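Below is input39.pdb, holding PDB, C-alpha atoms.
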```pdb
ATOM      1  CA  MET V  15     -23.842 -44.338 -76.713
ATOM      2  CA  PRO V  16     -21.818 -41.176 -77.457
ATOM      3  CA  LEU V  17     -21.953 -38.032 -75.361
ATOM      4  CA  ASP V  18     -25.247 -36.188 -75.687
ATOM      5  CA  PRO V  19     -24.487 -33.436 -78.241
ATOM      6  CA  ARG V  20     -26.064 -30.825 -75.964
ATOM      7  CA  PHE V  21     -23.010 -31.228 -73.729
ATOM      8  CA  GLN V  22     -20.413 -30.861 -76.473
ATOM      9  CA  ALA V  23     -19.645 -27.163 -75.976
ATOM     10  CA  LEU V  24     -19.426 -27.622 -72.216
ATOM     11  CA  VAL V  25     -16.967 -30.504 -72.542
ATOM     12  CA  GLU V  26     -14.807 -28.576 -75.001
ATOM     13  CA  GLN V  27     -14.729 -25.560 -72.700
ATOM     14  CA  THR V  28     -13.723 -27.531 -69.595
ATOM     15  CA  ALA V  29     -11.057 -29.419 -71.546
ATOM     16  CA  ARG V  30      -9.140 -26.249 -72.479
ATOM     17  CA  PRO V  31      -5.545 -26.157 -71.177
ATOM     18  CA  GLN V  32      -6.221 -23.198 -68.877
ATOM     19  CA  ASN V  33      -8.849 -25.293 -67.103
ATOM     20  CA  ILE V  34      -6.462 -28.135 -66.296
ATOM     21  CA  GLN V  35      -5.661 -27.637 -62.619
ATOM     22  CA  SER V  36      -2.460 -28.845 -60.979
ATOM     23  CA  ASP V  37      -2.019 -26.592 -57.940
ATOM     24  CA  PRO V  38      -3.930 -27.761 -54.842
ATOM     25  CA  MET V  39      -4.889 -24.236 -53.761
ATOM     26  CA  GLU V  40      -6.113 -23.433 -57.275
ATOM     27  CA  VAL V  41      -8.246 -26.574 -57.258
ATOM     28  CA  LEU V  42      -9.651 -25.571 -53.873
ATOM     29  CA  ALA V  43     -10.377 -22.010 -54.995
ATOM     30  CA  ARG V  44     -12.130 -23.120 -58.179
ATOM     31  CA  GLN V  45     -14.228 -25.680 -56.362
ATOM     32  CA  ARG V  46     -15.377 -23.048 -53.883
ATOM     33  CA  ALA V  47     -15.951 -20.280 -56.430
ATOM     34  CA  ASN V  48     -19.510 -19.021 -56.934
ATOM     35  CA  THR V  49     -21.010 -20.966 -54.024
ATOM     36  CA  SER V  50     -22.321 -18.100 -51.870
ATOM     37  CA  LEU V  51     -26.026 -17.381 -51.501
ATOM     38  CA  GLN V  52     -25.660 -14.291 -53.701
ATOM     39  CA  ASP V  53     -23.798 -16.265 -56.372
ATOM     40  CA  ILE V  54     -26.449 -18.991 -56.429
ATOM     41  CA  LYS V  55     -29.321 -16.491 -56.653
ATOM     42  CA  ARG V  56     -27.588 -14.659 -59.512
ATOM     43  CA  MET V  57     -27.045 -17.925 -61.397
ATOM     44  CA  LEU V  58     -30.675 -18.989 -60.956
ATOM     45  CA  GLU V  59     -31.900 -15.630 -62.225
ATOM     46  CA  THR V  60     -29.523 -15.674 -65.196
ATOM     47  CA  LEU V  61     -30.591 -19.172 -66.223
ATOM     48  CA  ASN V  62     -34.250 -18.473 -65.394
ATOM     49  CA  ILE V  63     -34.437 -21.557 -63.177
ATOM     50  CA  GLN V  64     -37.669 -21.866 -61.230
ATOM     51  CA  LEU V  65     -37.288 -23.334 -57.757
ATOM     52  CA  GLU V  66     -39.727 -26.033 -56.692
ATOM     53  CA  SER V  67     -42.328 -24.958 -54.176
ATOM     54  CA  VAL V  68     -42.318 -26.629 -50.760
ATOM     55  CA  ALA V  69     -44.499 -25.932 -47.743
ATOM     56  CA  TYR V  70     -41.833 -24.718 -45.343
ATOM     57  CA  ILE V  71     -38.072 -24.211 -45.106
ATOM     58  CA  GLU V  72     -36.200 -23.772 -41.848
ATOM     59  CA  ASP V  73     -32.507 -23.191 -41.150
ATOM     60  CA  ARG V  74     -31.104 -24.176 -37.778
ATOM     61  CA  VAL V  75     -27.985 -25.567 -36.141
ATOM     62  CA  ILE V  76     -27.698 -28.868 -34.338
ATOM     63  CA  PRO V  77     -24.973 -30.263 -32.069
ATOM     64  CA  GLY V  78     -22.210 -32.175 -33.804
ATOM     65  CA  PRO V  79     -19.080 -34.079 -32.800
ATOM     66  CA  ALA V  80     -16.939 -30.924 -32.995
ATOM     67  CA  GLY V  81     -19.398 -28.062 -32.660
ATOM     68  CA  ASP V  82     -22.626 -26.957 -34.279
ATOM     69  CA  ILE V  83     -23.692 -28.277 -37.686
ATOM     70  CA  PRO V  84     -25.847 -25.996 -39.873
ATOM     71  CA  ILE V  85     -28.813 -27.800 -41.427
ATOM     72  CA  ARG V  86     -31.800 -26.877 -43.571
ATOM     73  CA  LEU V  87     -35.178 -28.605 -43.298
ATOM     74  CA  TYR V  88     -37.589 -28.786 -46.244
ATOM     75  CA  THR V  89     -41.172 -29.765 -45.414
ATOM     76  CA  PRO V  90     -43.413 -30.908 -48.290
ATOM     77  CA  HIS V  91     -47.015 -29.932 -48.861
ATOM     78  CA  GLY V  92     -49.546 -32.342 -47.406
ATOM     79  CA  ALA V  93     -50.228 -34.039 -44.120
ATOM     80  CA  GLY V  94     -47.605 -35.859 -42.073
ATOM     81  CA  PRO V  95     -46.046 -37.584 -40.436
ATOM     82  CA  PHE V  96     -43.606 -37.363 -43.324
ATOM     83  CA  PRO V  97     -40.854 -39.806 -44.242
ATOM     84  CA  ILE V  98     -37.358 -38.364 -44.030
ATOM     85  CA  LEU V  99     -34.463 -38.011 -46.448
ATOM     86  CA  VAL V 100     -31.146 -36.863 -44.986
ATOM     87  CA  PHE V 101     -29.207 -35.287 -47.869
ATOM     88  CA  PHE V 102     -25.433 -34.737 -48.117
ATOM     89  CA  HIS V 103     -24.146 -32.276 -50.708
ATOM     90  CA  GLY V 104     -21.447 -32.875 -53.278
ATOM     91  CA  GLY V 105     -18.397 -30.741 -53.948
ATOM     92  CA  GLY V 106     -15.454 -33.099 -53.835
ATOM     93  CA  TRP V 107     -15.311 -33.111 -50.006
ATOM     94  CA  ILE V 108     -13.831 -29.596 -50.201
ATOM     95  CA  ALA V 109     -16.737 -27.425 -51.385
ATOM     96  CA  GLY V 110     -20.513 -27.138 -51.462
ATOM     97  CA  ASN V 111     -23.016 -25.925 -48.891
ATOM     98  CA  LEU V 112     -26.722 -25.562 -48.198
ATOM     99  CA  GLU V 113     -27.101 -23.000 -51.001
ATOM    100  CA  THR V 114     -25.428 -24.980 -53.783
ATOM    101  CA  HIS V 115     -27.858 -27.844 -53.262
ATOM    102  CA  ASP V 116     -30.988 -25.909 -52.398
ATOM    103  CA  PRO V 117     -32.576 -26.529 -55.842
ATOM    104  CA  ILE V 118     -32.124 -30.309 -55.774
ATOM    105  CA  CYS V 119     -33.319 -30.573 -52.165
ATOM    106  CA  ARG V 120     -36.476 -28.650 -53.037
ATOM    107  CA  SER V 121     -37.055 -30.846 -56.082
ATOM    108  CA  VAL V 122     -36.606 -34.121 -54.211
ATOM    109  CA  CYS V 123     -38.768 -32.911 -51.317
ATOM    110  CA  HIS V 124     -41.584 -32.261 -53.799
ATOM    111  CA  ALA V 125     -41.036 -35.357 -55.951
ATOM    112  CA  ALA V 126     -40.843 -37.798 -53.035
ATOM    113  CA  GLY V 127     -43.247 -36.091 -50.639
ATOM    114  CA  CYS V 128     -40.708 -36.341 -47.842
ATOM    115  CA  LEU V 129     -39.072 -34.049 -45.339
ATOM    116  CA  VAL V 130     -35.518 -33.336 -46.494
ATOM    117  CA  LEU V 131     -32.749 -32.501 -44.042
ATOM    118  CA  SER V 132     -29.769 -30.960 -45.852
ATOM    119  CA  VAL V 133     -26.465 -31.091 -43.962
ATOM    120  CA  ASP V 134     -23.744 -28.435 -44.143
ATOM    121  CA  ASN V 135     -20.904 -30.689 -43.029
ATOM    122  CA  ARG V 136     -17.333 -29.612 -42.340
ATOM    123  CA  LEU V 137     -15.103 -29.388 -45.406
ATOM    124  CA  ALA V 138     -11.530 -30.416 -46.140
ATOM    125  CA  PRO V 139      -8.739 -29.408 -46.124
ATOM    126  CA  GLU V 140      -9.537 -27.435 -42.969
ATOM    127  CA  HIS V 141     -11.336 -30.511 -41.637
ATOM    128  CA  LYS V 142      -9.965 -33.708 -43.104
ATOM    129  CA  PHE V 143     -11.415 -37.218 -42.999
ATOM    130  CA  PRO V 144     -13.373 -38.325 -41.048
ATOM    131  CA  ALA V 145     -14.771 -34.921 -39.998
ATOM    132  CA  GLY V 146     -17.273 -34.531 -42.837
ATOM    133  CA  VAL V 147     -18.723 -38.014 -42.651
ATOM    134  CA  GLN V 148     -18.907 -37.801 -38.857
ATOM    135  CA  ASP V 149     -21.060 -34.669 -39.214
ATOM    136  CA  CYS V 150     -23.308 -36.471 -41.688
ATOM    137  CA  TYR V 151     -23.750 -39.428 -39.361
ATOM    138  CA  ALA V 152     -24.396 -37.150 -36.387
ATOM    139  CA  ALA V 153     -27.084 -35.278 -38.326
ATOM    140  CA  THR V 154     -28.741 -38.563 -39.280
ATOM    141  CA  CYS V 155     -28.808 -39.683 -35.644
ATOM    142  CA  TRP V 156     -30.125 -36.289 -34.546
ATOM    143  CA  MET V 157     -32.960 -36.488 -37.068
ATOM    144  CA  ALA V 158     -33.954 -39.939 -35.833
ATOM    145  CA  THR V 159     -34.172 -38.608 -32.280
ATOM    146  CA  HIS V 160     -36.033 -35.393 -33.144
ATOM    147  CA  ALA V 161     -38.229 -36.511 -36.056
ATOM    148  CA  THR V 162     -41.553 -36.195 -34.262
ATOM    149  CA  GLN V 163     -40.737 -32.560 -33.468
ATOM    150  CA  PHE V 164     -41.040 -31.878 -37.209
ATOM    151  CA  ASN V 165     -44.123 -34.018 -37.895
ATOM    152  CA  ALA V 166     -41.846 -36.679 -39.374
ATOM    153  CA  ASP V 167     -41.615 -40.449 -39.015
ATOM    154  CA  PRO V 168     -38.412 -41.784 -37.376
ATOM    155  CA  THR V 169     -39.112 -45.285 -38.734
ATOM    156  CA  ARG V 170     -38.787 -44.066 -42.342
ATOM    157  CA  ILE V 171     -35.382 -42.450 -42.725
ATOM    158  CA  ALA V 172     -33.319 -42.653 -45.912
ATOM    159  CA  VAL V 173     -29.951 -41.112 -46.742
ATOM    160  CA  ALA V 174     -28.886 -39.572 -50.027
ATOM    161  CA  GLY V 175     -26.160 -37.538 -51.630
ATOM    162  CA  ASP V 176     -24.691 -36.514 -54.934
ATOM    163  CA  SER V 177     -21.043 -36.988 -55.900
ATOM    164  CA  ALA V 178     -18.977 -36.723 -52.684
ATOM    165  CA  GLY V 179     -22.291 -36.571 -50.832
ATOM    166  CA  GLY V 180     -23.147 -39.955 -52.324
ATOM    167  CA  ASN V 181     -19.890 -41.243 -50.888
ATOM    168  CA  PHE V 182     -20.996 -39.867 -47.510
ATOM    169  CA  ALA V 183     -24.444 -41.464 -47.837
ATOM    170  CA  ALA V 184     -22.947 -44.905 -48.481
ATOM    171  CA  ALA V 185     -20.541 -44.444 -45.575
ATOM    172  CA  VAL V 186     -23.322 -43.287 -43.235
ATOM    173  CA  ALA V 187     -25.341 -46.384 -44.137
ATOM    174  CA  GLN V 188     -22.356 -48.526 -43.145
ATOM    175  CA  MET V 189     -21.741 -46.500 -39.975
ATOM    176  CA  SER V 190     -25.372 -46.783 -38.928
ATOM    177  CA  ARG V 191     -25.202 -50.549 -39.295
ATOM    178  CA  ASP V 192     -21.821 -50.857 -37.584
ATOM    179  CA  GLN V 193     -22.518 -48.493 -34.690
ATOM    180  CA  GLY V 194     -26.133 -49.331 -33.922
ATOM    181  CA  GLY V 195     -27.480 -46.121 -35.422
ATOM    182  CA  PRO V 196     -30.861 -45.447 -37.021
ATOM    183  CA  ALA V 197     -32.408 -48.313 -38.996
ATOM    184  CA  LEU V 198     -32.225 -46.707 -42.426
ATOM    185  CA  VAL V 199     -34.752 -47.823 -45.026
ATOM    186  CA  PHE V 200     -32.939 -46.679 -48.196
ATOM    187  CA  GLN V 201     -29.775 -45.166 -49.619
ATOM    188  CA  LEU V 202     -29.809 -42.973 -52.725
ATOM    189  CA  LEU V 203     -26.377 -42.549 -54.304
ATOM    190  CA  LEU V 204     -26.108 -40.077 -57.184
ATOM    191  CA  TRP V 205     -22.940 -40.421 -59.337
ATOM    192  CA  PRO V 206     -20.851 -41.221 -56.236
ATOM    193  CA  PRO V 207     -17.069 -41.667 -55.932
ATOM    194  CA  MET V 208     -16.858 -44.988 -54.107
ATOM    195  CA  GLY V 209     -13.094 -45.206 -53.904
ATOM    196  CA  PHE V 210      -9.896 -43.666 -55.181
ATOM    197  CA  ARG V 211      -8.759 -46.050 -57.950
ATOM    198  CA  LEU V 212      -8.079 -44.323 -61.266
ATOM    199  CA  THR V 213      -7.650 -47.487 -63.351
ATOM    200  CA  THR V 214     -11.288 -48.220 -64.244
ATOM    201  CA  ALA V 215     -12.516 -48.175 -67.828
ATOM    202  CA  SER V 216     -14.615 -45.080 -67.180
ATOM    203  CA  TRP V 217     -11.594 -43.180 -65.877
ATOM    204  CA  LYS V 218      -9.581 -44.176 -68.931
ATOM    205  CA  GLU V 219     -12.340 -43.177 -71.356
ATOM    206  CA  TYR V 220     -13.694 -40.002 -69.749
ATOM    207  CA  ASN V 221     -10.676 -38.556 -67.934
ATOM    208  CA  GLY V 222     -10.971 -34.774 -68.260
ATOM    209  CA  TYR V 223     -14.680 -34.545 -68.964
ATOM    210  CA  MET V 224     -16.202 -31.594 -67.076
ATOM    211  CA  GLY V 225     -12.689 -30.734 -65.923
ATOM    212  CA  MET V 226     -12.561 -33.905 -63.833
ATOM    213  CA  THR V 227      -9.023 -35.039 -64.558
ATOM    214  CA  SER V 228      -7.202 -37.791 -62.725
ATOM    215  CA  GLN V 229      -4.701 -35.143 -61.633
ATOM    216  CA  ALA V 230      -7.404 -32.922 -60.114
ATOM    217  CA  PHE V 231      -9.086 -35.913 -58.464
ATOM    218  CA  THR V 232      -5.776 -36.941 -56.895
ATOM    219  CA  ILE V 233      -5.323 -33.413 -55.549
ATOM    220  CA  VAL V 234      -8.831 -33.406 -54.080
ATOM    221  CA  ARG V 235      -8.199 -36.832 -52.545
ATOM    222  CA  ASP V 236      -5.043 -35.580 -50.861
ATOM    223  CA  LEU V 237      -6.842 -32.476 -49.595
ATOM    224  CA  TYR V 238      -9.481 -34.743 -48.059
ATOM    225  CA  LEU V 239      -7.464 -37.623 -46.595
ATOM    226  CA  ASN V 240      -4.682 -37.556 -44.021
ATOM    227  CA  SER V 241      -2.685 -40.477 -45.375
ATOM    228  CA  GLU V 242      -2.425 -43.067 -48.114
ATOM    229  CA  GLU V 243      -3.674 -45.681 -45.668
ATOM    230  CA  GLU V 244      -7.012 -43.879 -45.365
ATOM    231  CA  GLN V 245      -7.694 -44.584 -49.049
ATOM    232  CA  LYS V 246      -8.573 -48.108 -47.870
ATOM    233  CA  HIS V 247     -10.875 -47.067 -45.022
ATOM    234  CA  PRO V 248     -14.449 -48.198 -45.773
ATOM    235  CA  TYR V 249     -15.929 -44.907 -44.559
ATOM    236  CA  ALA V 250     -13.717 -43.082 -47.089
ATOM    237  CA  ALA V 251     -13.924 -45.714 -49.835
ATOM    238  CA  PRO V 252     -17.199 -47.625 -49.252
ATOM    239  CA  LEU V 253     -16.448 -49.924 -52.191
ATOM    240  CA  LEU V 254     -13.594 -51.465 -50.185
ATOM    241  CA  ALA V 255     -15.721 -52.460 -47.188
ATOM    242  CA  ARG V 256     -15.295 -56.165 -46.483
ATOM    243  CA  ASN V 257     -18.880 -56.658 -45.364
ATOM    244  CA  LEU V 258     -21.879 -55.123 -47.132
ATOM    245  CA  HIS V 259     -24.502 -57.406 -45.604
ATOM    246  CA  GLY V 260     -27.356 -55.821 -43.727
ATOM    247  CA  LEU V 261     -27.267 -52.476 -45.527
ATOM    248  CA  PRO V 262     -30.457 -50.719 -46.679
ATOM    249  CA  PRO V 263     -31.763 -51.085 -50.248
ATOM    250  CA  ALA V 264     -30.165 -48.721 -52.733
ATOM    251  CA  LEU V 265     -30.709 -46.776 -55.921
ATOM    252  CA  ILE V 266     -27.432 -45.814 -57.575
ATOM    253  CA  ILE V 267     -27.640 -43.389 -60.495
ATOM    254  CA  THR V 268     -24.581 -43.097 -62.721
ATOM    255  CA  ALA V 269     -23.773 -41.124 -65.857
ATOM    256  CA  GLU V 270     -22.247 -42.914 -68.839
ATOM    257  CA  CYS V 271     -19.672 -40.206 -69.612
ATOM    258  CA  ASP V 272     -18.455 -39.789 -66.033
ATOM    259  CA  PRO V 273     -15.047 -40.995 -64.817
ATOM    260  CA  LEU V 274     -16.712 -42.049 -61.547
ATOM    261  CA  ARG V 275     -19.271 -44.276 -63.278
ATOM    262  CA  ASP V 276     -17.593 -47.643 -62.803
ATOM    263  CA  GLY V 277     -16.979 -47.198 -59.085
ATOM    264  CA  GLY V 278     -20.661 -46.565 -58.455
ATOM    265  CA  GLU V 279     -21.708 -49.513 -60.581
ATOM    266  CA  GLN V 280     -19.180 -51.808 -58.928
ATOM    267  CA  TYR V 281     -20.617 -50.850 -55.552
ATOM    268  CA  GLY V 282     -24.048 -51.786 -56.834
ATOM    269  CA  GLN V 283     -22.724 -55.177 -57.920
ATOM    270  CA  ARG V 284     -21.163 -55.785 -54.518
ATOM    271  CA  LEU V 285     -24.380 -54.795 -52.739
ATOM    272  CA  SER V 286     -26.300 -57.246 -54.903
ATOM    273  CA  GLU V 287     -23.820 -60.019 -54.146
ATOM    274  CA  ALA V 288     -24.324 -59.278 -50.436
ATOM    275  CA  GLY V 289     -28.068 -59.751 -50.797
ATOM    276  CA  VAL V 290     -28.948 -56.055 -50.643
ATOM    277  CA  PRO V 291     -31.761 -55.016 -53.015
ATOM    278  CA  VAL V 292     -30.225 -52.515 -55.418
ATOM    279  CA  THR V 293     -31.052 -50.769 -58.670
ATOM    280  CA  VAL V 294     -28.203 -49.338 -60.716
ATOM    281  CA  SER V 295     -29.483 -46.892 -63.302
ATOM    282  CA  ARG V 296     -27.009 -45.635 -65.898
ATOM    283  CA  TYR V 297     -28.007 -42.568 -67.922
ATOM    284  CA  ASP V 298     -26.499 -42.913 -71.386
ATOM    285  CA  GLY V 299     -24.755 -39.915 -72.895
ATOM    286  CA  MET V 300     -24.846 -37.975 -69.625
ATOM    287  CA  LEU V 301     -22.107 -36.207 -67.676
ATOM    288  CA  HIS V 302     -21.285 -36.143 -63.977
ATOM    289  CA  GLY V 303     -23.911 -34.078 -62.167
ATOM    290  CA  PHE V 304     -26.341 -33.975 -65.100
ATOM    291  CA  MET V 305     -29.365 -33.792 -62.807
ATOM    292  CA  HIS V 306     -28.247 -30.275 -61.838
ATOM    293  CA  MET V 307     -28.133 -29.240 -65.524
ATOM    294  CA  LYS V 308     -31.812 -28.838 -66.270
ATOM    295  CA  THR V 309     -31.170 -25.923 -68.611
ATOM    296  CA  VAL V 310     -28.968 -28.159 -70.795
ATOM    297  CA  VAL V 311     -30.722 -31.554 -70.649
ATOM    298  CA  PRO V 312     -34.172 -30.866 -69.170
ATOM    299  CA  ASP V 313     -35.657 -34.167 -70.314
ATOM    300  CA  ARG V 314     -32.930 -36.321 -68.752
ATOM    301  CA  ALA V 315     -32.772 -34.269 -65.543
ATOM    302  CA  ASP V 316     -36.540 -34.608 -65.177
ATOM    303  CA  GLN V 317     -36.328 -38.335 -65.927
ATOM    304  CA  ALA V 318     -33.754 -38.836 -63.169
ATOM    305  CA  LEU V 319     -35.766 -36.767 -60.701
ATOM    306  CA  ALA V 320     -38.864 -38.821 -61.488
ATOM    307  CA  GLU V 321     -36.920 -42.045 -60.928
ATOM    308  CA  VAL V 322     -35.641 -40.740 -57.594
ATOM    309  CA  GLY V 323     -39.095 -39.601 -56.500
ATOM    310  CA  ASP V 324     -40.746 -42.872 -57.507
ATOM    311  CA  ALA V 325     -38.099 -44.995 -55.759
ATOM    312  CA  LEU V 326     -38.379 -43.031 -52.528
ATOM    313  CA  ARG V 327     -42.182 -43.010 -52.551
ATOM    314  CA  ARG V 328     -42.249 -46.782 -53.071
ATOM    315  CA  VAL V 329     -39.867 -47.587 -50.238
ATOM    316  CA  PHE V 330     -41.509 -45.132 -47.865
ATOM    317  CA  ALA V 331     -44.978 -46.507 -48.665
ATOM    318  CA  HIS V 332     -43.779 -50.091 -48.242
ATOM    319  CA  ARG V 333     -42.241 -49.261 -44.880
ATOM    320  CA  ALA V 334     -45.439 -47.512 -43.774
ATOM    321  CA  ARG V 335     -47.519 -50.593 -44.679
ATOM    322  CA  ARG V 336     -45.130 -52.887 -42.786
ATOM    323  CA  HIS V 337     -45.257 -50.609 -39.754
ATOM    324  CA  CYS V 338     -49.065 -50.580 -39.777
ATOM    325  CA  SER V 339     -49.342 -54.354 -40.138
ATOM    326  CA  SER V 340     -46.830 -54.980 -37.342
ATOM    327  CA  GLY V 341     -48.523 -52.420 -35.120
TER     328      GLY V 341
END
```

What does this structure look like when you write it as structure tokens?
Amino acid sequence: MPLDPRFQALVEQTARPQNIQSDPMEVLARQRANTSLQDIKRMLETLNIQLESVAYIEDRVIPGPAGDIPIRLYTPHGAGPFPILVFFHGGGWIAGNLETHDPICRSVCHAAGCLVLSVDNRLAPEHKFPAGVQDCYAATCWMATHATQFNADPTRIAVAGDSAGGNFAAAVAQMSRDQGGPALVFQLLLWPPMGFRLTTASWKEYNGYMGMTSQAFTIVRDLYLNSEEEQKHPYAAPLLARNLHGLPPALIITAECDPLRDGGEQYGQRLSEAGVPVTVSRYDGMLHGFMHMKTVVPDRADQALAEVGDALRRVFAHRARRHCSSG
């Protein structure tokens, strides 16, 4: 299916020569532009985006492997104890924060009826691999230990993330299995980069869409990783993990017109081959990050949110029934 025509102007704009980035510091600056609280509020007001209502939001800091980690907790309406979704933001490992992903965390909290913990992990290049993923894993472990403090259920914890955050979510699922961490019940991976290969069909066909060129991706990769050898590390490139057995069930959402599409779908295939229940849902005609673009494709963004909410509610309800029957 061709690109949804509602995206045409956006693709043409991002493909202009002045938007092709080759300098690492320029890539970093552009990725981090307009990500402050004031910038996000101004954008929401300009686009007339209504934020989803939740019962309670709390910012706090928790101990991490190299200092405090800022987090934000979203509590849904209703009675607990609530299931938990630990969410890792996108931004190419070098950008993003609690504010950039406040709208999606609110929406998922409401759609899934779960407590959402959003993690403001350390960013590259100031903090290269594995700093960011270590923060994400530490936050997941902290939530498992402190869940009851927030009227939440430590036996029903899922991880999720979009783009680079989806990469983190897959890595945290592997780390939790490998290191005896929390028994995660689900992993939600939204248009994730699962490795660093640029030779897939989706890279060849959609290189440059939304400004995501192979050149820019290579720059971001080098800002994130310390060495070429780390491109093969399973916590940096989850697709390359030798063993995917024993991981939690997954929903992987990809966008047809996204260079990262094939990596996410290949990870889904490998999970399936390892006996892990997985659903790979490709959204035809969509671009990377389309779920954030409700003003452009409201029907498809709502469809994806509904799929996410339904999948999480099902797995959380199933886990609750199993817990009751075993208790």

Stretch 271-329 of chain V near stretch 206-229 of chain V within 9 Å: what's each residue's closest atom pair and its distance in Å to one decimal, counting all atoms listed in the file, ordered by chain then ascending residue number, as a Markdown table?
```
| residue | atom | partner | partner_atom | distance |
| --- | --- | --- | --- | --- |
| V:Cys271 | CA | V:Tyr220 | CA | 6.0 |
| V:Asp272 | CA | V:Tyr220 | CA | 6.0 |
| V:Pro273 | CA | V:Trp217 | CA | 4.2 |
| V:Leu274 | CA | V:Pro207 | CA | 5.6 |
| V:Arg275 | CA | V:Ser216 | CA | 6.1 |
| V:Asp276 | CA | V:Ser216 | CA | 5.9 |
| V:Gly277 | CA | V:Met208 | CA | 5.4 |
| V:Gly278 | CA | V:Pro206 | CA | 5.8 |
| V:Gln280 | CA | V:Met208 | CA | 8.7 |
| V:Tyr281 | CA | V:Met208 | CA | 7.1 |
| V:Leu301 | CA | V:Met224 | CA | 7.5 |
| V:His302 | CA | V:Met224 | CA | 7.5 |
```

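Atom CA of V:Leu204 is positioned 13.9 Å from atom CA of V:Arg314.
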
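Coordinates place atom CA of V:His115 at a distance of 17.7 Å from atom CA of V:Gly127.
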
So how far away is atom CA of V:Ala288 from atom CA of V:Leu254, in Å?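 That distance, rounded to one decimal, is 13.3 Å.
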
Neighbours of stretch 48-55 of chain V within 7 Å (only C-alpha atoms; same-chain residues fewer than 3 positions away dropped), as a PyMOL selection string? chain V and resi 58-59+110+113-114

Residue contacts of V:Phe182 (9 Å, all atoms listed in the file) excluding same-chain residues fewer than 4 positions away, as a compact mmCIF listing (two decimals) with C-alpha atoms, in the coordinates of the input:
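What landed in result.txt:
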```
# COMPACT_ATOMS: atom_id res chain seq x y z
CA PHE V 102 -25.43 -34.74 -48.12
CA HIS V 103 -24.15 -32.28 -50.71
CA GLY V 146 -17.27 -34.53 -42.84
CA VAL V 147 -18.72 -38.01 -42.65
CA CYS V 150 -23.31 -36.47 -41.69
CA TYR V 151 -23.75 -39.43 -39.36
CA ALA V 174 -28.89 -39.57 -50.03
CA GLY V 175 -26.16 -37.54 -51.63
CA ASP V 176 -24.69 -36.51 -54.93
CA SER V 177 -21.04 -36.99 -55.90
CA ALA V 178 -18.98 -36.72 -52.68
CA VAL V 186 -23.32 -43.29 -43.24
CA ALA V 187 -25.34 -46.38 -44.14
CA PRO V 206 -20.85 -41.22 -56.24
CA TYR V 249 -15.93 -44.91 -44.56
CA ALA V 250 -13.72 -43.08 -47.09
CA PRO V 252 -17.20 -47.62 -49.25
```

V:Leu65 proximity check over V:Glu244, V:Ser132, V:Pro77, V:Lys308, using all atoms listed in the file: winner is V:Lys308

Minimum-distance residue to V:Leu99, chosen among V:Gly303, V:Pro79, V:Pro168, V:Gly260 (using only C-alpha atoms):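 Closest to V:Leu99, using only C-alpha atoms: V:Pro168.
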